[in-house]
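Remarks on the structure that follows.
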Amino acid sequence: WTMNAVKDLAWIKVLMNHDKKNISKLARHIDVTYSHVYELVKELEEKGIFKVTVNGREKNIELTKKGKKLKKSVNEIYQLLGLWINVVS
């Protein structure tokens, strides 16, 4: 595992733990720029992991069926590798 792969996996885990959240509120909650969160979410949406819905000016994320399966796999990877990150709840 490279450090970037672990870092990317960590961000994916954080996003998956905040399913059904507004992107702006999520960015503030985890103290990351909106643009950083949005770019990662867009990439994951293109891969079918998240669905982004727009309500006025708000963009919300929701895990797809594929995303829910991936969430389970990501959690298993963390358990197998003994990885842990302090996920903001």
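Residue names in the structure tokens use chain letters A, B, ... in the order shown, residue numbers from 1 in each chain, and ligand numbers from 1 in the order shown.
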Residues near segment 64-81 of chain A, cut-off 8 Å, only C-alpha atoms, skip fewer than 6 positions along chain, as a count of residues only: 7
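Between Tyr38 of chain A and the candidates A:Ile23, A:His18, A:Leu63, A:Gly82, the tightest atom-to-atom separation, counting only C-alpha atoms, involves A:Ile23.
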All residues 10 Å or closer to Leu15 of chain A, only C-alpha atoms, same chain fewer than 4 positions away omitted, as an MDAnalysis selection string: chainID A and resid 9:11 19:21 23 26:27 30 37 40:41 44 50 61:63 71 87
Write a file of the selected residues as a short mmCIF file (atom, residue, chain, number, x, y, z; two decimals), in the first residue's frame, keeping C-alpha atoms.
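Writing done, so here's again19.cif:
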data_model
loop_
_atom_site.label_atom_id
_atom_site.label_comp_id
_atom_site.auth_asym_id
_atom_site.auth_seq_id
_atom_site.Cartn_x
_atom_site.Cartn_y
_atom_site.Cartn_z
CA LEU A 9 -9.16 5.02 1.26
CA ALA A 10 -9.42 7.14 4.40
CA TRP A 11 -11.28 9.90 2.55
CA ASP A 19 -24.09 9.16 3.77
CA LYS A 20 -27.12 11.39 3.09
CA LYS A 21 -25.34 14.62 3.95
CA ILE A 23 -21.70 18.50 0.77
CA LEU A 26 -19.91 17.86 5.40
CA ALA A 27 -16.92 19.93 4.25
CA ILE A 30 -14.63 17.60 8.60
CA VAL A 37 -14.95 17.24 -1.02
CA LEU A 40 -13.85 13.51 -4.62
CA VAL A 41 -17.62 13.07 -4.54
CA LEU A 44 -17.04 8.64 -6.85
CA PHE A 50 -22.59 8.09 -4.75
CA ILE A 61 -24.77 12.83 -1.32
CA GLU A 62 -26.26 9.41 -0.91
CA LEU A 63 -24.62 6.03 -1.26
CA LYS A 71 -18.59 0.60 2.26
CA VAL A 87 -13.48 9.76 11.73
#
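Secondary structure from DSSP on the backbone puts strand (DSSP E) at the following positions of segment 25-59 of chain A: Phe50, Lys51, Val52, Thr53, Val54, Asn55, Glu58 and Lys59 of chain A.
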Please dump the current selection as a CSV table (one decimal), in the first residue's frame; keep C-alpha atoms.
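Written output follows (selection_12.csv):
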chain,number,residue,atom,x,y,z
A,50,PHE,CA,-22.6,8.1,-4.7
A,51,LYS,CA,-25.7,9.8,-6.1
A,52,VAL,CA,-25.6,13.6,-5.9
A,53,THR,CA,-29.0,15.3,-5.7
A,54,VAL,CA,-29.5,19.0,-6.0
A,55,ASN,CA,-32.2,20.8,-4.0
A,58,GLU,CA,-27.7,22.5,-2.0
A,59,LYS,CA,-25.9,19.3,-3.2
